file run-v6.tsv (TSV, C-alpha atoms and all ligand atoms)
chain	number	residue	atom	x	y	z
P	1	MET	CA	99.43	214.55	161.50
P	2	THR	CA	99.20	218.05	160.11
P	3	THR	CA	97.54	220.87	161.96
P	4	GLY	CA	94.81	223.26	160.88
P	5	LYS	CA	95.23	226.86	159.83
P	6	GLY	CA	95.63	228.08	163.41
P	7	LEU	CA	92.71	230.48	163.05
P	8	LYS	CA	91.23	231.64	166.32
P	9	LEU	CA	87.62	230.54	166.10
P	10	VAL	CA	86.71	231.56	169.64
P	11	GLU	CA	86.63	235.34	169.83
P	12	ARG	CA	87.33	236.86	173.25
P	13	ASP	CA	87.06	240.45	174.42
P	14	ALA	CA	89.71	242.31	176.48
P	15	ARG	CA	88.47	240.56	179.67
P	16	GLY	CA	88.76	237.13	178.06
P	17	VAL	CA	85.00	236.66	177.70
P	18	ASP	CA	83.80	234.44	174.83
P	19	THR	CA	81.79	237.05	172.93
P	20	ALA	CA	79.57	234.54	171.10
P	21	PHE	CA	78.65	232.87	174.43
P	22	ARG	CA	77.75	236.23	175.97
P	23	ALA	CA	75.72	237.30	172.92
P	24	ASP	CA	73.76	234.02	172.88
P	25	VAL	CA	73.05	234.10	176.64
P	26	LEU	CA	72.02	237.78	176.76
P	27	ALA	CA	69.79	237.43	173.69
P	28	GLY	CA	68.30	234.14	174.93
P	29	LEU	CA	67.51	235.46	178.42
P	30	ALA	CA	65.76	238.47	176.90
P	31	GLU	CA	63.28	236.26	175.01
P	32	GLU	CA	59.73	235.63	176.18
P	33	GLN	CA	60.55	231.91	176.49
P	34	LYS	CA	64.09	232.16	177.82
P	35	ALA	CA	66.52	229.89	175.98
P	36	VAL	CA	70.25	229.21	175.69
P	37	PRO	CA	71.61	227.12	172.76
P	38	ALA	CA	72.65	223.58	173.76
P	39	ARG	CA	76.15	223.99	172.32
P	40	TRP	CA	77.13	225.98	175.45
P	41	PHE	CA	76.77	222.92	177.71
P	42	TYR	CA	80.20	221.70	176.75
P	43	ASP	CA	82.78	223.45	178.91
P	44	ASP	CA	85.25	221.08	180.64
P	45	ALA	CA	82.80	220.14	183.40
P	46	GLY	CA	79.93	219.80	180.91
P	47	SER	CA	81.98	217.57	178.58
P	48	ARG	CA	82.89	215.32	181.53
P	49	LEU	CA	79.26	215.16	182.65
P	50	PHE	CA	78.17	214.21	179.13
P	51	GLU	CA	80.70	211.36	179.18
P	52	ASP	CA	79.10	210.24	182.46
P	53	ILE	CA	75.64	210.44	180.86
P	54	THR	CA	76.70	208.02	178.12
P	55	GLN	CA	77.41	205.42	180.85
P	56	LEU	CA	74.02	205.74	182.57
P	57	PRO	CA	71.64	202.76	182.49
P	58	GLU	CA	68.79	205.01	181.26
P	59	TYR	CA	70.82	206.66	178.48
P	60	TYR	CA	70.61	204.09	175.67
P	61	PRO	CA	71.72	206.09	172.55
P	62	THR	CA	75.48	205.61	172.90
P	63	ARG	CA	75.22	201.87	173.62
P	64	ALA	CA	72.65	201.33	170.88
P	65	GLU	CA	74.71	203.12	168.22
P	66	THR	CA	77.88	201.32	169.29
P	67	GLU	CA	76.01	198.01	169.05
P	68	ILE	CA	75.07	198.86	165.43
P	69	LEU	CA	78.64	199.84	164.50
P	70	ARG	CA	80.00	196.60	166.00
P	71	GLY	CA	77.29	194.24	164.80
P	72	ARG	CA	76.83	195.63	161.27
P	73	SER	CA	80.44	196.49	160.46
P	74	ALA	CA	80.65	193.97	157.58
P	75	GLN	CA	77.55	195.33	155.83
P	76	ILE	CA	78.57	198.92	156.49
P	77	ALA	CA	82.03	198.25	155.03
P	78	GLU	CA	80.55	196.48	152.01
P	79	LEU	CA	78.40	199.50	151.10
P	80	ILE	CA	81.06	202.12	151.80
P	81	GLY	CA	84.04	200.33	150.29
P	82	PRO	CA	87.74	201.01	151.00
P	83	GLY	CA	89.82	204.08	150.18
P	84	ARG	CA	87.58	206.90	151.33
P	85	ALA	CA	88.61	209.97	153.29
P	86	VAL	CA	86.47	209.87	156.43
P	87	VAL	CA	85.39	213.39	157.39
P	88	GLU	CA	84.01	213.42	160.92
P	89	PHE	CA	81.80	216.33	161.97
P	90	GLY	CA	82.95	216.83	165.57
P	91	SER	CA	86.14	215.66	167.27
P	92	GLY	CA	85.16	212.04	167.38
P	93	SER	CA	84.43	209.60	170.13
P	94	SER	CA	87.13	207.30	171.43
P	95	VAL	CA	84.86	204.29	170.85
P	96	LYS	CA	82.76	204.90	167.72
P	97	THR	CA	85.43	206.40	165.47
P	98	PRO	CA	87.90	203.48	165.85
P	99	LEU	CA	85.03	201.04	165.21
P	100	LEU	CA	84.24	202.74	161.90
P	101	LEU	CA	87.87	203.19	160.86
P	102	SER	CA	88.74	199.55	161.56
P	103	ALA	CA	85.71	198.41	159.60
P	104	ILE	CA	86.24	200.26	156.32
P	105	GLU	CA	89.97	200.63	155.39
P	106	PRO	CA	89.87	204.41	154.88
P	107	SER	CA	92.73	206.26	153.17
P	108	ALA	CA	92.57	209.37	155.40
P	109	TYR	CA	90.76	210.71	158.46
P	110	VAL	CA	89.72	214.37	158.71
P	111	PRO	CA	88.09	215.38	162.01
P	112	LEU	CA	86.44	218.82	161.97
P	113	ASP	CA	85.86	220.68	165.21
P	114	ILE	CA	85.53	224.23	166.44
P	115	ALA	CA	87.33	223.40	169.71
P	116	GLY	CA	90.99	223.26	168.68
P	117	ASP	CA	92.46	221.84	171.91
P	118	PHE	CA	90.01	218.97	172.05
P	119	LEU	CA	90.54	218.34	168.35
P	120	ARG	CA	94.32	218.10	168.65
P	121	ALA	CA	94.12	215.81	171.69
P	122	SER	CA	91.65	213.37	170.14
P	123	SER	CA	93.47	213.45	166.79
P	124	SER	CA	96.81	212.42	168.24
P	125	ALA	CA	95.14	209.65	170.26
P	126	LEU	CA	93.56	208.38	167.06
P	127	ALA	CA	96.72	208.71	164.96
P	128	ALA	CA	98.52	206.58	167.58
P	129	LYS	CA	95.85	203.88	167.27
P	130	PHE	CA	96.00	203.81	163.46
P	131	PRO	CA	99.64	204.11	162.39
P	132	GLY	CA	99.77	204.56	158.65
P	133	LEU	CA	96.44	206.37	158.45
P	134	PRO	CA	96.97	210.02	157.49
P	135	VAL	CA	95.08	212.26	159.95
P	136	TYR	CA	94.33	215.87	159.00
P	137	PRO	CA	92.45	217.70	161.78
P	138	VAL	CA	90.75	220.90	160.69
P	139	GLU	CA	89.69	223.57	163.18
P	140	ALA	CA	86.45	224.80	161.65
P	141	ASP	CA	82.79	225.59	162.18
P	142	PHE	CA	81.14	222.80	160.21
P	143	MET	CA	77.77	224.56	160.18
P	144	ARG	CA	79.27	226.24	157.08
P	145	ARG	CA	81.10	224.78	154.10
P	146	VAL	CA	84.61	223.73	155.15
P	147	GLU	CA	87.66	223.81	152.89
P	148	LEU	CA	89.14	220.30	153.18
P	149	PRO	CA	92.92	219.78	153.12
P	150	ALA	CA	94.40	219.51	149.61
P	151	GLU	CA	95.71	216.02	150.48
P	152	VAL	CA	92.19	214.57	150.42
P	153	ALA	CA	90.85	216.58	147.46
P	154	ALA	CA	91.04	213.67	145.02
P	155	LEU	CA	89.73	211.01	147.41
P	156	PRO	CA	86.12	209.84	147.61
P	157	LYS	CA	84.56	211.08	150.88
P	158	LEU	CA	82.54	209.59	153.70
P	159	GLY	CA	80.99	212.04	156.15
P	160	PHE	CA	80.50	210.64	159.68
P	161	PHE	CA	78.09	212.32	162.09
P	162	PRO	CA	77.20	209.88	164.89
P	163	GLY	CA	75.44	210.45	168.21
P	164	SER	CA	72.20	211.96	166.89
P	165	THR	CA	73.77	215.39	167.33
P	166	ILE	CA	71.63	216.42	164.34
P	167	GLY	CA	68.70	215.94	166.76
P	168	ASN	CA	69.80	219.03	168.69
P	169	MET	CA	68.80	221.18	165.72
P	170	ILE	CA	65.38	222.34	164.63
P	171	ALA	CA	64.43	221.15	161.13
P	172	ARG	CA	65.53	224.32	159.40
P	173	THR	CA	68.99	224.35	161.00
P	174	ALA	CA	69.40	220.59	160.47
P	175	THR	CA	68.61	221.07	156.77
P	176	ASP	CA	71.12	223.91	156.50
P	177	LEU	CA	73.76	221.68	158.11
P	178	LEU	CA	73.06	218.75	155.77
P	179	ARG	CA	73.34	221.09	152.79
P	180	SER	CA	76.65	222.49	154.12
P	181	MET	CA	77.94	218.95	154.59
P	182	ARG	CA	77.05	218.24	150.98
P	183	GLU	CA	79.01	221.32	149.88
P	184	THR	CA	81.97	220.34	152.06
P	185	LEU	CA	82.06	216.72	150.83
P	186	GLY	CA	80.92	217.12	147.22
P	187	GLU	CA	78.67	215.13	144.94
P	188	GLY	CA	79.11	211.38	145.13
P	189	ALA	CA	80.04	211.56	148.81
P	190	LEU	CA	78.44	209.24	151.35
P	191	LEU	CA	77.20	210.25	154.79
P	192	LEU	CA	76.89	207.88	157.77
P	193	ILE	CA	74.66	209.60	160.33
P	194	GLY	CA	73.09	208.56	163.63
P	195	MET	CA	69.50	209.50	164.41
P	196	ASP	CA	67.67	208.56	167.60
P	197	LEU	CA	64.20	207.03	167.17
P	198	VAL	CA	60.75	207.92	168.48
P	199	LYS	CA	59.82	205.48	171.23
P	200	ASP	CA	57.87	205.10	174.46
P	201	LYS	CA	57.63	208.47	176.19
P	202	GLN	CA	58.65	207.10	179.61
P	203	VAL	CA	61.81	205.56	178.16
P	204	LEU	CA	62.71	208.89	176.54
P	205	LEU	CA	61.96	210.94	179.65
P	206	ALA	CA	64.07	208.60	181.82
P	207	ALA	CA	67.00	208.91	179.39
P	208	TYR	CA	66.95	212.68	179.95
P	209	ASP	CA	66.09	212.64	183.65
P	210	ASP	CA	68.12	209.79	185.17
P	211	ALA	CA	67.71	208.52	188.70
P	212	ALA	CA	71.28	209.41	189.67
P	213	GLY	CA	70.71	213.04	188.67
P	214	VAL	CA	73.66	213.28	186.27
P	215	THR	CA	71.59	214.87	183.50
P	216	ALA	CA	70.26	217.37	186.06
P	217	GLN	CA	73.87	218.27	186.95
P	218	PHE	CA	74.72	218.56	183.23
P	219	ASN	CA	71.79	220.96	182.68
P	220	LEU	CA	72.44	223.01	185.84
P	221	ASN	CA	76.15	223.27	184.99
P	222	LEU	CA	75.15	225.73	182.27
P	223	LEU	CA	74.15	228.20	185.01
P	224	THR	CA	77.44	227.65	186.83
P	225	ARG	CA	79.27	228.31	183.57
P	226	ILE	CA	77.28	231.52	182.95
P	227	ASN	CA	78.08	232.71	186.50
P	228	ARG	CA	81.78	231.97	186.09
P	229	GLU	CA	82.40	233.18	182.55
P	230	LEU	CA	79.85	235.99	182.25
P	231	ALA	CA	80.00	237.55	185.72
P	232	GLY	CA	76.59	236.18	186.65
P	233	ASP	CA	74.96	235.81	190.06
P	234	ILE	CA	72.27	233.28	189.16
P	235	PRO	CA	71.18	231.33	192.27
P	236	VAL	CA	71.73	227.85	190.82
P	237	ASP	CA	69.83	226.18	193.70
P	238	ALA	CA	66.72	228.15	192.71
P	239	PHE	CA	66.46	226.10	189.49
P	240	ALA	CA	65.32	222.55	188.83
P	241	HIS	CA	66.12	220.31	185.87
P	242	GLU	CA	63.14	219.20	183.82
P	243	ALA	CA	62.81	216.96	180.76
P	244	ARG	CA	59.63	217.36	178.68
P	245	TRP	CA	58.27	215.54	175.64
P	246	ASN	CA	57.12	217.92	172.89
P	247	ASP	CA	54.77	215.81	170.77
P	248	THR	CA	54.32	218.40	168.01
P	249	TYR	CA	57.99	218.28	167.09
P	250	ALA	CA	58.73	214.78	168.43
P	251	ARG	CA	61.48	215.99	170.68
P	252	ILE	CA	62.70	215.90	174.24
P	253	GLU	CA	63.22	219.36	175.63
P	254	MET	CA	65.37	220.19	178.62
P	255	HIS	CA	64.44	223.16	180.74
P	256	LEU	CA	65.74	224.84	183.88
P	257	VAL	CA	62.64	225.75	185.86
P	258	ALA	CA	62.59	228.50	188.51
P	259	ARG	CA	61.51	226.95	191.85
P	260	GLN	CA	60.71	230.41	193.21
P	261	ASP	CA	60.62	233.99	191.92
P	262	VAL	CA	64.22	234.92	191.11
P	263	SER	CA	66.15	237.90	189.89
P	264	PHE	CA	69.77	237.91	188.86
P	265	SER	CA	72.23	239.66	186.61
P	266	VAL	CA	74.54	238.46	183.86
P	267	SER	CA	77.25	240.69	182.34
P	268	GLY	CA	75.69	243.68	184.08
P	269	GLN	CA	72.18	243.04	182.72
P	270	SER	CA	69.27	242.28	185.06
P	271	PHE	CA	66.72	239.54	184.58
P	272	ALA	CA	63.72	238.33	186.58
P	273	MET	CA	61.78	235.09	186.44
P	274	ALA	CA	58.56	234.09	188.16
P	275	VAL	CA	58.23	230.70	189.85
P	276	GLY	CA	57.52	228.04	187.20
P	277	GLU	CA	59.10	230.00	184.33
P	278	SER	CA	61.92	228.21	182.54
P	279	ILE	CA	65.07	228.58	180.50
P	280	HIS	CA	64.88	226.18	177.54
P	281	THR	CA	68.34	224.64	177.19
P	282	GLU	CA	68.10	221.77	174.69
P	283	ASN	CA	66.03	220.05	172.03
P	284	SER	CA	66.73	216.42	171.20
P	285	HIS	CA	64.60	215.45	168.20
P	286	LYS	CA	63.56	211.85	167.74
P	287	PHE	CA	62.94	210.42	164.27
P	288	THR	CA	61.03	207.70	162.47
P	289	ARG	CA	62.30	206.01	159.31
P	290	ARG	CA	60.23	208.46	157.26
P	291	THR	CA	61.10	211.69	159.07
P	292	ALA	CA	64.77	210.71	158.93
P	293	ASN	CA	64.57	210.07	155.18
P	294	MET	CA	62.61	213.28	154.64
P	295	LEU	CA	65.20	215.34	156.52
P	296	LEU	CA	68.08	213.75	154.59
P	297	ALA	CA	66.31	214.38	151.27
P	298	ALA	CA	65.64	218.00	152.23
P	299	GLY	CA	69.38	218.41	152.74
P	300	GLY	CA	70.26	216.86	149.37
P	301	TRP	CA	71.08	213.34	150.59
P	302	GLU	CA	69.49	210.20	149.14
P	303	PRO	CA	68.92	207.45	151.72
P	304	ARG	CA	70.88	204.29	150.79
P	305	ALA	CA	70.77	202.01	153.84
P	306	ARG	CA	69.50	201.96	157.40
P	307	TRP	CA	70.44	199.91	160.45
P	308	THR	CA	68.89	199.81	163.91
P	309	ASP	CA	69.97	198.16	167.17
P	310	SER	CA	68.30	194.97	168.39
P	311	GLU	CA	65.71	196.93	170.38
P	312	GLU	CA	64.99	199.44	167.56
P	313	ARG	CA	65.91	202.36	169.74
P	314	PHE	CA	68.42	204.08	167.46
P	315	SER	CA	69.13	204.28	163.72
P	316	LEU	CA	72.30	204.64	161.68
P	317	LEU	CA	71.70	205.78	158.11
P	318	LEU	CA	73.86	205.78	155.02
P	319	ALA	CA	73.02	208.43	152.41
P	320	GLU	CA	74.55	209.61	149.16
P	321	ALA	CA	74.96	213.12	147.73
P	322	ARG	CA	73.33	212.76	144.33
P	323	PRO	CA	72.61	215.45	141.74
P	324	PRO	CA	69.12	216.86	142.28
P	325	ARG	CA	66.51	215.19	140.08
P	326	SER	CA	63.65	217.17	138.62
P	327	ALA	CA	60.01	216.16	138.97
P	328	PRO	CA	58.26	213.78	139.06
J	1	LIG	C1	74.93	214.77	172.42
J	1	LIG	C2	73.03	215.88	171.54
J	1	LIG	C3	73.25	213.53	171.28
J	1	LIG	O1	70.56	214.87	172.78
J	1	LIG	O2	70.94	212.90	173.60
J	1	LIG	C4	72.27	213.94	176.55
J	1	LIG	C5	72.96	215.42	174.55
J	1	LIG	N1	71.53	215.95	176.52
J	1	LIG	N2	71.51	214.13	177.63
J	1	LIG	C6	71.32	214.03	173.28
J	1	LIG	C7	72.27	215.09	175.84
J	1	LIG	C8	71.08	215.34	177.63
J	1	LIG	C9	72.80	214.36	173.50
J	1	LIG	N3	73.49	214.65	172.21

call {"tool": "encode", "arguments": {"input": "run-v6.tsv", "output": "structure tokens", "more": "lines below"}}
Ligand code: AVJ
result
Amino acid sequence: MTTGKGLKLVERDARGVDTAFRADVLAGLAEEQKAVPARWFYDDAGSRLFEDITQLPEYYPTRAETEILRGRSAQIAELIGPGRAVVEFGSGSSVKTPLLLSAIEPSAYVPLDIAGDFLRASSSALAAKFPGLPVYPVEADFMRRVELPAEVAALPKLGFFPGSTIGNMIARTATDLLRSMRETLGEGALLLIGMDLVKDKQVLLAAYDDAAGVTAQFNLNLLTRINRELAGDIPVDAFAHEARWNDTYARIEMHLVARQDVSFSVSGQSFAMAVGESIHTENSHKFTRRTANMLLAAGGWEPRARWTDSEERFSLLLAEARPPRSAP
């Protein structure tokens, strides 16, 4: 296993504050509809809580996608073929990544992640599971084109982006990401991507507001993180977790709603919220076959195959980076 370039991707000021986190939180809290990007959920506590979420009875996406990877591995392997360098966008899950790698006989595995420590840990675990498979972790922000290691330059590529993480992005950002992936992987590359499906509203709301309150803890942990890392004094108990269905954009939204009038400060800046006002913390877009295909096409990817789980809750799509065709 080789290591990345050792670039420091997380910039900290003299006090050790993550400057991008502070900038996002201060800008987001100053908006009319307060908002903090969902990527900031994942500190150590948040990452552990997300792992707990994936085990909840109400949270079907992880089980549904794993069912597809297990049940359709022969067909997936047939269409992908052996010998590709698998480029995973994100550090990889301990369950889904091995399922894919055992199915397709890849010739290299390249996980891309901005969080170097997590990347190194999950890469060595994976390398131990697949002796003989070259693993080249790259510490990078995959929202932009990534320079892949020279060792995989000549290999055909398969991008892997499971989990419906693309659903966290609004259409414009999702399109930018798909186009960056195309630049990173090159023409002729394949992309295997998970997208959660539109379904009964009550099923969706329950998946994001579970009876045990784990998703509520996950959402509220963002405030705890802000207090700890950005010298905040937000009264966490004054906020309630709420999941909402936004029908215009076909997405679940998570909000932190003020249960009373509150005022607080973060990094020396003061904020006030009236009872009922919220901080918007996450979007989780849900797709149909057509909106999924439309999004892929907008990003330069031609849909090739599509699988769903037995209850049609979740989709896994295979797409190919093809040269753009002119009209018609
Ligand atoms: C990791 C983005 C796929 O949107 O379902 C789970 C995150 N948020 N419960 C999702 C999440 C609340 C999850 N993704």

call {"tool": "residues_near_ligand", "arguments": {"input": "run-v6.tsv", "ligand": "ligand LIG 1 (chain J)", "cutoff": "10 Å", "atoms": "all atoms listed in the file", "output": "mmCIF file with C-alpha atoms, in the frame of the given file"}}
result
data_model
loop_
_atom_site.group_PDB
_atom_site.id
_atom_site.type_symbol
_atom_site.label_atom_id
_atom_site.label_comp_id
_atom_site.auth_asym_id
_atom_site.auth_seq_id
_atom_site.Cartn_x
_atom_site.Cartn_y
_atom_site.Cartn_z
ATOM 1 C CA ALA P 38 72.650 223.580 173.760
ATOM 2 C CA ARG P 39 76.150 223.990 172.320
ATOM 3 C CA PHE P 41 76.770 222.920 177.710
ATOM 4 C CA TYR P 42 80.200 221.700 176.750
ATOM 5 C CA SER P 47 81.980 217.570 178.580
ATOM 6 C CA LEU P 49 79.260 215.160 182.650
ATOM 7 C CA PHE P 50 78.170 214.210 179.130
ATOM 8 C CA GLU P 51 80.700 211.360 179.180
ATOM 9 C CA ASP P 52 79.100 210.240 182.460
ATOM 10 C CA ILE P 53 75.640 210.440 180.860
ATOM 11 C CA THR P 54 76.700 208.020 178.120
ATOM 12 C CA TYR P 59 70.820 206.660 178.480
ATOM 13 C CA TYR P 60 70.610 204.090 175.670
ATOM 14 C CA PRO P 61 71.720 206.090 172.550
ATOM 15 C CA THR P 62 75.480 205.610 172.900
ATOM 16 C CA PRO P 162 77.200 209.880 164.890
ATOM 17 C CA GLY P 163 75.440 210.450 168.210
ATOM 18 C CA SER P 164 72.200 211.960 166.890
ATOM 19 C CA THR P 165 73.770 215.390 167.330
ATOM 20 C CA ILE P 166 71.630 216.420 164.340
ATOM 21 C CA GLY P 167 68.700 215.940 166.760
ATOM 22 C CA ASN P 168 69.800 219.030 168.690
ATOM 23 C CA MET P 169 68.800 221.180 165.720
ATOM 24 C CA GLY P 194 73.090 208.560 163.630
ATOM 25 C CA MET P 195 69.500 209.500 164.410
ATOM 26 C CA ASP P 196 67.670 208.560 167.600
ATOM 27 C CA LEU P 204 62.710 208.890 176.540
ATOM 28 C CA ALA P 207 67.000 208.910 179.390
ATOM 29 C CA TYR P 208 66.950 212.680 179.950
ATOM 30 C CA ASP P 209 66.090 212.640 183.650
ATOM 31 C CA ASP P 210 68.120 209.790 185.170
ATOM 32 C CA VAL P 214 73.660 213.280 186.270
ATOM 33 C CA THR P 215 71.590 214.870 183.500
ATOM 34 C CA ALA P 216 70.260 217.370 186.060
ATOM 35 C CA PHE P 218 74.720 218.560 183.230
ATOM 36 C CA ASN P 219 71.790 220.960 182.680
ATOM 37 C CA ALA P 243 62.810 216.960 180.760
ATOM 38 C CA ARG P 251 61.480 215.990 170.680
ATOM 39 C CA ILE P 252 62.700 215.900 174.240
ATOM 40 C CA GLU P 253 63.220 219.360 175.630
ATOM 41 C CA MET P 254 65.370 220.190 178.620
ATOM 42 C CA THR P 281 68.340 224.640 177.190
ATOM 43 C CA GLU P 282 68.100 221.770 174.690
ATOM 44 C CA ASN P 283 66.030 220.050 172.030
ATOM 45 C CA SER P 284 66.730 216.420 171.200
ATOM 46 C CA HIS P 285 64.600 215.450 168.200
ATOM 47 C CA LYS P 286 63.560 211.850 167.740
#

call {"tool": "closest_residue", "arguments": {"input": "run-v6.tsv", "among": "P:Ile279, P:Ile226, P:Ala206, P:Ile193", "to": "Trp301 of chain P", "atoms": "all atoms listed in the file"}}
result
P:Ile193

call {"tool": "residues_around", "arguments": {"input": "run-v6.tsv", "residues": "Phe271 of chain P", "least_positions_apart": "6", "cutoff": "9 Å", "atoms": "only C-alpha atoms", "output": "VMD selection string"}}
result
chain P and resid 29 to 30 262 to 265

call {"tool": "closest_residue", "arguments": {"input": "run-v6.tsv", "among": "P:Phe89, P:Arg72, P:Ile234, P:Pro106", "to": "Leu177 of chain P", "atoms": "all atoms listed in the file"}}
result
P:Phe89

call {"tool": "closest_residue", "arguments": {"input": "run-v6.tsv", "among": "P:Leu9, P:Leu69, P:Ala74, P:Ala298", "to": "Thr175 of chain P", "atoms": "only C-alpha atoms"}}
result
P:Ala298

call {"tool": "atom_distance", "arguments": {"input": "run-v6.tsv", "atom1": "atom CA of Ser102 of chain P", "atom2": "atom CA of Ala77 of chain P"}}
result
9.5 Å

call {"tool": "atom_distance", "arguments": {"input": "run-v6.tsv", "atom1": "atom CA of Val135 of chain P", "atom2": "atom CA of Tyr109 of chain P"}}
result
4.8 Å

call {"tool": "atom_distance", "arguments": {"input": "run-v6.tsv", "atom1": "atom CA of Asn293 of chain P", "atom2": "atom CA of Pro57 of chain P"}}
result
29.1 Å

call {"tool": "residues_around", "arguments": {"input": "run-v6.tsv", "residues": "Val17 of chain P", "least_positions_apart": "6", "cutoff": "9 Å", "atoms": "only C-alpha atoms", "output": "list in words"}}
result
Glu11, Glu229 and Leu230 of chain P

call {"tool": "closest_residue", "arguments": {"input": "run-v6.tsv", "among": "P:Asp13, P:Ile80, P:Met181, P:Glu31", "to": "Arg304 of chain P", "atoms": "only C-alpha atoms"}}
result
P:Ile80

call {"tool": "residues_around", "arguments": {"input": "run-v6.tsv", "residues": "His280 of chain P", "least_positions_apart": "6", "cutoff": "7 Å", "atoms": "only C-alpha atoms", "output": "list of chain:residue names"}}
result
P:Lys34, P:Ala35, P:Val36, P:Met254, P:His255, P:Leu256

call {"tool": "residues_near_point", "arguments": {"input": "run-v6.tsv", "point": "(93.5, 204.1, 161.3)", "cutoff": "6 Å", "atoms": "all atoms listed in the file", "output": "ChimeraX atom specification"}}
result
/P:101,130,133

call {"tool": "residues_around", "arguments": {"input": "run-v6.tsv", "residues": "Arg84 of chain P", "least_positions_apart": "4", "cutoff": "10 Å", "atoms": "all atoms listed in the file", "output": "PDB file with C-alpha atoms, keeping the file's coordinate frame"}}
result
ATOM      1  CA  ILE P  80      81.060 202.120 151.800  1.00  0.00           C
ATOM      2  CA  ILE P 104      86.240 200.260 156.320  1.00  0.00           C
ATOM      3  CA  GLU P 105      89.970 200.630 155.390  1.00  0.00           C
ATOM      4  CA  PRO P 106      89.870 204.410 154.880  1.00  0.00           C
ATOM      5  CA  SER P 107      92.730 206.260 153.170  1.00  0.00           C
ATOM      6  CA  ALA P 108      92.570 209.370 155.400  1.00  0.00           C
ATOM      7  CA  TYR P 109      90.760 210.710 158.460  1.00  0.00           C
ATOM      8  CA  VAL P 152      92.190 214.570 150.420  1.00  0.00           C
ATOM      9  CA  ALA P 154      91.040 213.670 145.020  1.00  0.00           C
ATOM     10  CA  LEU P 155      89.730 211.010 147.410  1.00  0.00           C
ATOM     11  CA  PRO P 156      86.120 209.840 147.610  1.00  0.00           C
ATOM     12  CA  LYS P 157      84.560 211.080 150.880  1.00  0.00           C
ATOM     13  CA  LEU P 158      82.540 209.590 153.700  1.00  0.00           C
ATOM     14  CA  GLY P 159      80.990 212.040 156.150  1.00  0.00           C
ATOM     15  CA  ALA P 189      80.040 211.560 148.810  1.00  0.00           C
ATOM     16  CA  LEU P 190      78.440 209.240 151.350  1.00  0.00           C
TER      17      LEU P 190
END
